[in-house]
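Novice: Data: protein.pdb, PDB, C-alpha atoms.
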```pdb
ATOM      1  CA  GLY A   1     -18.803 -37.293 -21.380
ATOM      2  CA  ALA A   2     -17.566 -37.694 -25.006
ATOM      3  CA  ALA A   3     -20.214 -35.321 -26.355
ATOM      4  CA  LEU A   4     -19.333 -32.701 -23.728
ATOM      5  CA  LEU A   5     -15.598 -33.054 -24.505
ATOM      6  CA  ALA A   6     -16.298 -32.748 -28.262
ATOM      7  CA  ALA A   7     -18.395 -29.620 -27.615
ATOM      8  CA  ALA A   8     -15.641 -28.132 -25.451
ATOM      9  CA  VAL A   9     -13.021 -28.774 -28.146
ATOM     10  CA  ALA A  10     -15.328 -27.321 -30.821
ATOM     11  CA  VAL A  11     -15.580 -23.997 -28.949
ATOM     12  CA  GLY A  12     -11.856 -23.918 -28.208
ATOM     13  CA  LEU A  13     -11.863 -24.923 -24.544
ATOM     14  CA  ALA A  14      -8.801 -26.840 -23.446
ATOM     15  CA  ALA A  15      -9.174 -30.387 -22.215
ATOM     16  CA  PRO A  16      -7.405 -31.425 -18.988
ATOM     17  CA  LEU A  17      -3.789 -32.470 -19.376
ATOM     18  CA  PRO A  18      -3.248 -36.216 -19.679
ATOM     19  CA  ALA A  19      -1.274 -37.724 -16.786
ATOM     20  CA  ALA A  20       1.870 -38.102 -18.940
ATOM     21  CA  ALA A  21       1.859 -34.409 -19.900
ATOM     22  CA  ASP A  22       1.257 -33.410 -16.292
ATOM     23  CA  SER A  23       4.249 -35.456 -15.061
ATOM     24  CA  ALA A  24       6.443 -34.087 -17.883
ATOM     25  CA  LEU A  25       5.640 -30.549 -16.753
ATOM     26  CA  ILE A  26       6.547 -31.393 -13.155
ATOM     27  CA  SER A  27       9.932 -32.816 -14.226
ATOM     28  CA  SER A  28      10.719 -29.867 -16.516
ATOM     29  CA  LYS A  29      13.218 -27.137 -15.626
ATOM     30  CA  ILE A  30      10.421 -24.765 -14.580
ATOM     31  CA  LYS A  31       9.619 -25.710 -11.009
ATOM     32  CA  VAL A  32       7.900 -22.514  -9.829
ATOM     33  CA  GLY A  33       6.314 -19.641 -11.623
ATOM     34  CA  GLY A  34       4.325 -16.491 -11.128
ATOM     35  CA  ALA A  35       0.967 -18.208 -11.303
ATOM     36  CA  SER A  36      -1.182 -18.164  -8.217
ATOM     37  CA  SER A  37      -1.930 -21.470  -6.604
ATOM     38  CA  GLY A  38      -4.370 -22.724  -4.059
ATOM     39  CA  THR A  39      -2.003 -24.948  -2.063
ATOM     40  CA  LYS A  40       1.608 -24.902  -0.950
ATOM     41  CA  ASP A  41       2.257 -28.070  -2.923
ATOM     42  CA  ALA A  42       0.910 -26.747  -6.239
ATOM     43  CA  LEU A  43       3.325 -26.144  -9.107
ATOM     44  CA  GLY A  44       3.045 -22.316  -9.120
ATOM     45  CA  SER A  45       4.353 -20.049  -6.383
ATOM     46  CA  LYS A  46       1.990 -19.214  -3.527
ATOM     47  CA  LYS A  47       0.431 -15.745  -3.790
ATOM     48  CA  THR A  48      -1.687 -14.038  -1.215
ATOM     49  CA  ILE A  49      -4.322 -11.699  -2.534
ATOM     50  CA  THR A  50      -6.016  -9.141  -0.305
ATOM     51  CA  ARG A  51      -7.999  -7.318  -2.976
ATOM     52  CA  GLY A  52     -10.314  -4.689  -1.551
ATOM     53  CA  VAL A  53      -9.664  -5.640   2.082
ATOM     54  CA  ASN A  54      -9.689  -3.158   4.965
ATOM     55  CA  LEU A  55      -6.312  -3.656   6.682
ATOM     56  CA  GLU A  56      -6.208  -0.307   8.459
ATOM     57  CA  GLY A  57      -3.415  -0.291  11.061
ATOM     58  CA  ALA A  58      -2.176  -3.768  10.041
ATOM     59  CA  ASN A  59       1.300  -4.752  11.217
ATOM     60  CA  PHE A  60       3.604  -6.344   8.614
ATOM     61  CA  GLU A  61       6.850  -5.329  10.406
ATOM     62  CA  GLY A  62       9.768  -7.580   9.476
ATOM     63  CA  GLN A  63       7.562  -9.928   7.462
ATOM     64  CA  ASN A  64       8.216 -11.391   4.021
ATOM     65  CA  ILE A  65       5.301 -10.108   1.964
ATOM     66  CA  SER A  66       7.117 -10.299  -1.375
ATOM     67  CA  GLY A  67       4.702 -10.790  -4.245
ATOM     68  CA  VAL A  68       1.614 -10.211  -2.095
ATOM     69  CA  SER A  69      -1.208  -8.302  -3.785
ATOM     70  CA  PHE A  70      -2.759  -5.546  -1.676
ATOM     71  CA  GLN A  71      -4.704  -4.327  -4.708
ATOM     72  CA  GLN A  72      -7.438  -1.786  -3.881
ATOM     73  CA  SER A  73      -7.000  -2.398  -0.155
ATOM     74  CA  ILE A  74      -7.188   0.154   2.637
ATOM     75  CA  ILE A  75      -3.975  -0.024   4.674
ATOM     76  CA  ARG A  76      -3.982   3.398   6.322
ATOM     77  CA  ASN A  77      -1.386   3.627   9.109
ATOM     78  CA  GLY A  78       0.007   0.220   8.143
ATOM     79  CA  ARG A  79       3.329  -0.813   9.645
ATOM     80  CA  PHE A  80       5.779  -2.195   7.081
ATOM     81  CA  LYS A  81       9.056  -1.469   8.968
ATOM     82  CA  GLY A  82      11.789  -3.796   7.719
ATOM     83  CA  ALA A  83       9.316  -5.803   5.624
ATOM     84  CA  ASN A  84      10.393  -7.519   2.414
ATOM     85  CA  ALA A  85       7.776  -6.312  -0.073
ATOM     86  CA  PHE A  86       9.816  -7.172  -3.192
ATOM     87  CA  GLY A  87       7.395  -7.241  -6.140
ATOM     88  CA  ALA A  88       4.333  -6.645  -3.937
ATOM     89  CA  THR A  89       1.342  -4.934  -5.536
ATOM     90  CA  PHE A  90      -0.243  -1.914  -3.891
ATOM     91  CA  PHE A  91      -2.283  -1.021  -6.997
ATOM     92  CA  ASP A  92      -4.982   1.534  -6.073
ATOM     93  CA  ALA A  93      -4.328   0.978  -2.341
ATOM     94  CA  ASP A  94      -4.821   3.657   0.319
ATOM     95  CA  LEU A  95      -1.542   3.694   2.267
ATOM     96  CA  ALA A  96      -1.994   7.076   3.993
ATOM     97  CA  GLY A  97       0.141   7.349   7.113
ATOM     98  CA  SER A  98       1.891   3.995   6.590
ATOM     99  CA  ASP A  99       5.471   3.445   7.761
ATOM    100  CA  PHE A 100       7.857   1.732   5.311
ATOM    101  CA  THR A 101      11.059   2.451   7.296
ATOM    102  CA  GLY A 102      13.813   0.060   6.162
ATOM    103  CA  ALA A 103      11.425  -1.893   3.923
ATOM    104  CA  THR A 104      12.457  -3.517   0.648
ATOM    105  CA  LEU A 105      10.093  -2.127  -2.002
ATOM    106  CA  THR A 106      12.096  -3.136  -5.075
ATOM    107  CA  GLN A 107       9.817  -3.732  -8.081
ATOM    108  CA  ALA A 108       6.706  -3.033  -5.992
ATOM    109  CA  ASN A 109       3.716  -1.658  -7.899
ATOM    110  CA  PHE A 110       2.256   1.570  -6.496
ATOM    111  CA  GLU A 111       0.138   2.521  -9.521
ATOM    112  CA  LEU A 112      -2.875   4.641  -8.431
ATOM    113  CA  ALA A 113      -1.815   4.266  -4.761
ATOM    114  CA  GLN A 114      -2.401   7.006  -2.195
ATOM    115  CA  MET A 115       0.904   7.471  -0.342
ATOM    116  CA  THR A 116       0.206  10.620   1.663
ATOM    117  CA  ASN A 117       1.959  11.172   5.008
ATOM    118  CA  THR A 118       3.952   7.958   4.589
ATOM    119  CA  ILE A 119       7.432   7.344   5.976
ATOM    120  CA  LEU A 120       9.969   5.849   3.563
ATOM    121  CA  ASP A 121      13.111   6.337   5.678
ATOM    122  CA  ASP A 122      15.952   3.989   4.693
ATOM    123  CA  ALA A 123      13.641   2.071   2.321
ATOM    124  CA  VAL A 124      15.151   0.292  -0.675
ATOM    125  CA  ALA A 125      12.600   1.562  -3.191
ATOM    126  CA  THR A 126      14.482   0.724  -6.378
ATOM    127  CA  ASP A 127      12.772   0.029  -9.694
ATOM    128  CA  MET A 128       9.287   0.595  -8.208
ATOM    129  CA  TYR A 129       6.358   1.128 -10.543
ATOM    130  CA  VAL A 130       4.976   4.565  -9.791
ATOM    131  CA  ASN A 131       2.971   6.361 -12.449
ATOM    132  CA  GLY A 132       1.358   9.740 -12.913
ATOM    133  CA  THR A 133      -1.732   8.719 -10.985
ATOM    134  CA  THR A 134       0.204   7.683  -7.873
ATOM    135  CA  ARG A 135      -0.165  10.243  -5.099
ATOM    136  CA  ILE A 136       3.244  10.105  -3.434
ATOM    137  CA  GLU A 137       3.560  12.739  -0.713
ATOM    138  CA  PRO A 138       5.592  11.168   2.110
ATOM    139  CA  VAL A 139       6.510  13.101   5.253
ATOM    140  CA  SER A 140      10.016  11.628   5.338
ATOM    141  CA  ILE A 141      12.364   9.824   2.909
ATOM    142  CA  ASN A 142      15.636  10.084   4.859
ATOM    143  CA  GLY A 143      18.109   7.572   3.411
ATOM    144  CA  ALA A 144      15.643   6.059   0.921
ATOM    145  CA  ASP A 145      17.115   4.650  -2.301
ATOM    146  CA  PHE A 146      14.876   5.313  -5.332
ATOM    147  CA  THR A 147      17.384   4.176  -7.989
ATOM    148  CA  ASP A 148      15.629   3.309 -11.292
ATOM    149  CA  THR A 149      12.197   4.381 -10.032
ATOM    150  CA  VAL A 150      10.665   6.800 -12.538
ATOM    151  CA  PHE A 151       8.657   9.725 -11.155
ATOM    152  CA  ARG A 152       6.842  12.656 -12.812
ATOM    153  CA  LYS A 153       8.603  16.026 -12.647
ATOM    154  CA  ASP A 154       6.246  17.367  -9.976
ATOM    155  CA  GLN A 155       6.751  14.211  -7.894
ATOM    156  CA  ILE A 156      10.544  14.627  -8.170
ATOM    157  CA  LYS A 157      10.250  18.289  -7.161
ATOM    158  CA  PHE A 158       8.249  17.355  -4.050
ATOM    159  CA  LEU A 159      10.572  14.467  -3.107
ATOM    160  CA  CYS A 160      13.766  16.467  -3.652
ATOM    161  CA  LYS A 161      12.560  19.118  -1.167
ATOM    162  CA  ILE A 162      12.628  16.521   1.639
ATOM    163  CA  ALA A 163      15.402  14.202   0.366
ATOM    164  CA  LYS A 164      18.477  13.708   2.542
ATOM    165  CA  GLY A 165      20.765  10.992   3.824
ATOM    166  CA  LYS A 166      22.211   7.735   2.508
ATOM    167  CA  ASN A 167      20.638   4.315   2.498
ATOM    168  CA  SER A 168      22.204   2.074   5.172
ATOM    169  CA  GLN A 169      22.034  -1.036   2.937
ATOM    170  CA  THR A 170      22.849   0.239  -0.562
ATOM    171  CA  LYS A 171      24.965   3.251   0.566
ATOM    172  CA  VAL A 172      23.216   5.306  -2.155
ATOM    173  CA  ASP A 173      22.507   8.985  -1.451
ATOM    174  CA  THR A 174      18.762   9.724  -1.539
ATOM    175  CA  ARG A 175      19.131  12.922  -3.579
ATOM    176  CA  GLU A 176      21.366  11.144  -6.106
ATOM    177  CA  SER A 177      18.904   8.246  -6.449
ATOM    178  CA  LEU A 178      16.215  10.787  -7.389
ATOM    179  CA  ALA A 179      18.585  12.759  -9.673
ATOM    180  CA  CYS A 180      17.748  15.916  -7.719
ATOM    181  CA  PRO A 181      19.240  19.140  -9.062
ATOM    182  CA  ASP A 182      22.029  20.662  -6.990
ATOM    183  CA  GLU A 183      20.773  22.899  -4.205
TER     184      GLU A 183
END
```
Kindly return the structure encoded in the file as structure tokens.

Specialist:
Amino acid sequence: GAALLAAAVAVGLAAPLPAAADSALISSKIKVGGASSGTKDALGSKKTITRGVNLEGANFEGQNISGVSFQQSIIRNGRFKGANAFGATFFDADLAGSDFTGATLTQANFELAQMTNTILDDAVATDMYVNGTTRIEPVSINGADFTDTVFRKDQIKFLCKIAKGKNSQTKVDTRESLACPDE
């Protein structure tokens, strides 16, 4: 044991925390964090990871899926109506035909996602992470609030052609949230 510990220290591997340090961490001000954990009782917040899973047609209506990682998953025709997806990750996910009506998508990551034929009606899609490789071509965005979500010029042009209405929760006009030019 001592030789193995000495070898681990020599190559820079951390030794387990002594019991006193572990209890000090538990009594500190930081009770939960962003780290994934294996159990509900662990110190970090619980994260669900569905990396590379086929969830075609899955129903998440009205569910709290905040912080869930759907990275590289196939969720074609998924139902996210009224779901709380705050901070969820849809990195490189195929979301074609999915319905996000009334969903909270604030700070959700859609980098590299395929969002063709999606419905984003009345979604609170503020401060989302959408980059140049995101394919965002929804069929409807009536009443969606995209405040502080940065899109490419061609994405804005596409979205502004179909933008109308006001968000029922935030009362923000969809065209204003996208900074669409006057018609």

Novice: To one decimal in Å, tell me the separation between CA of Leu178 in chain A and CA of Ile156 in chain A.

Specialist: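 Computing the Euclidean distance for CA of Leu178 in chain A and CA of Ile156 in chain A yields 6.9 Å.
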
Novice: How far is it from CA of Ser69 in chain A to CA of Thr116 in chain A, in Å with one decimal?

Specialist: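 For CA of Ser69 in chain A relative to CA of Thr116 in chain A, the distance reads 19.7 Å.
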
Novice: Excluding same-chain residues fewer than 6 positions from Asn84 in chain A, what lies within 12 Å of it counting all atoms listed in the file, as a PDB file with C-alpha atoms, in the coordinates of the input?

Specialist:
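What follows is the written file part-v5.pdb:
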```
ATOM      1  CA  PHE A  60       3.604  -6.344   8.614  1.00  0.00           C
ATOM      2  CA  GLU A  61       6.850  -5.329  10.406  1.00  0.00           C
ATOM      3  CA  GLY A  62       9.768  -7.580   9.476  1.00  0.00           C
ATOM      4  CA  GLN A  63       7.562  -9.928   7.462  1.00  0.00           C
ATOM      5  CA  ASN A  64       8.216 -11.391   4.021  1.00  0.00           C
ATOM      6  CA  ILE A  65       5.301 -10.108   1.964  1.00  0.00           C
ATOM      7  CA  SER A  66       7.117 -10.299  -1.375  1.00  0.00           C
ATOM      8  CA  GLY A  67       4.702 -10.790  -4.245  1.00  0.00           C
ATOM      9  CA  VAL A  68       1.614 -10.211  -2.095  1.00  0.00           C
ATOM     10  CA  PHE A 100       7.857   1.732   5.311  1.00  0.00           C
ATOM     11  CA  THR A 101      11.059   2.451   7.296  1.00  0.00           C
ATOM     12  CA  GLY A 102      13.813   0.060   6.162  1.00  0.00           C
ATOM     13  CA  ALA A 103      11.425  -1.893   3.923  1.00  0.00           C
ATOM     14  CA  THR A 104      12.457  -3.517   0.648  1.00  0.00           C
ATOM     15  CA  LEU A 105      10.093  -2.127  -2.002  1.00  0.00           C
ATOM     16  CA  THR A 106      12.096  -3.136  -5.075  1.00  0.00           C
ATOM     17  CA  GLN A 107       9.817  -3.732  -8.081  1.00  0.00           C
ATOM     18  CA  ALA A 108       6.706  -3.033  -5.992  1.00  0.00           C
ATOM     19  CA  ALA A 123      13.641   2.071   2.321  1.00  0.00           C
ATOM     20  CA  VAL A 124      15.151   0.292  -0.675  1.00  0.00           C
ATOM     21  CA  ALA A 125      12.600   1.562  -3.191  1.00  0.00           C
TER      22      ALA A 125
END
```

Novice: Written as a ChimeraX atom specification, what is the full residue list that the PyMOL selection byres ((chain A and resi 158) around 12) yields on the file shown?

Specialist: /A:116,135-141,151-157,159-163,175,178,180

Novice: Expressed in Å to a single decimal, how great is the separation between CA of Ile49 in chain A and CA of Phe90 in chain A?

Specialist: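 Interatomic distance, CA of Ile49 in chain A to CA of Phe90 in chain A: 10.7 Å.
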
Novice: Considering all atoms listed in the file, can you say which of A:Asp121, A:Asp173, A:Asp148, A:Asp94 comes closest to Arg51 in chain A?

Specialist: A:Asp94

Novice: Care to translate the PyMOL selection byres ((chain A and resi 113) around 12) into actual residues of this file, as a PyMOL selection string?

Specialist: chain A and resi 70-76+89-96+98+108-112+114-116+118+129-137

Novice: Next, write the just-selected residues to a file, as an mmCIF file, in the coordinates of the input, keeping C-alpha atoms as the atom set.

Specialist:
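Dumped to part-v4.cif:
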```
data_model
loop_
_atom_site.group_PDB
_atom_site.id
_atom_site.type_symbol
_atom_site.label_atom_id
_atom_site.label_comp_id
_atom_site.auth_asym_id
_atom_site.auth_seq_id
_atom_site.Cartn_x
_atom_site.Cartn_y
_atom_site.Cartn_z
ATOM 1 C CA PHE A 70 -2.759 -5.546 -1.676
ATOM 2 C CA GLN A 71 -4.704 -4.327 -4.708
ATOM 3 C CA GLN A 72 -7.438 -1.786 -3.881
ATOM 4 C CA SER A 73 -7.000 -2.398 -0.155
ATOM 5 C CA ILE A 74 -7.188 0.154 2.637
ATOM 6 C CA ILE A 75 -3.975 -0.024 4.674
ATOM 7 C CA ARG A 76 -3.982 3.398 6.322
ATOM 8 C CA THR A 89 1.342 -4.934 -5.536
ATOM 9 C CA PHE A 90 -0.243 -1.914 -3.891
ATOM 10 C CA PHE A 91 -2.283 -1.021 -6.997
ATOM 11 C CA ASP A 92 -4.982 1.534 -6.073
ATOM 12 C CA ALA A 93 -4.328 0.978 -2.341
ATOM 13 C CA ASP A 94 -4.821 3.657 0.319
ATOM 14 C CA LEU A 95 -1.542 3.694 2.267
ATOM 15 C CA ALA A 96 -1.994 7.076 3.993
ATOM 16 C CA SER A 98 1.891 3.995 6.590
ATOM 17 C CA ALA A 108 6.706 -3.033 -5.992
ATOM 18 C CA ASN A 109 3.716 -1.658 -7.899
ATOM 19 C CA PHE A 110 2.256 1.570 -6.496
ATOM 20 C CA GLU A 111 0.138 2.521 -9.521
ATOM 21 C CA LEU A 112 -2.875 4.641 -8.431
ATOM 22 C CA GLN A 114 -2.401 7.006 -2.195
ATOM 23 C CA MET A 115 0.904 7.471 -0.342
ATOM 24 C CA THR A 116 0.206 10.620 1.663
ATOM 25 C CA THR A 118 3.952 7.958 4.589
ATOM 26 C CA TYR A 129 6.358 1.128 -10.543
ATOM 27 C CA VAL A 130 4.976 4.565 -9.791
ATOM 28 C CA ASN A 131 2.971 6.361 -12.449
ATOM 29 C CA GLY A 132 1.358 9.740 -12.913
ATOM 30 C CA THR A 133 -1.732 8.719 -10.985
ATOM 31 C CA THR A 134 0.204 7.683 -7.873
ATOM 32 C CA ARG A 135 -0.165 10.243 -5.099
ATOM 33 C CA ILE A 136 3.244 10.105 -3.434
ATOM 34 C CA GLU A 137 3.560 12.739 -0.713
#
```
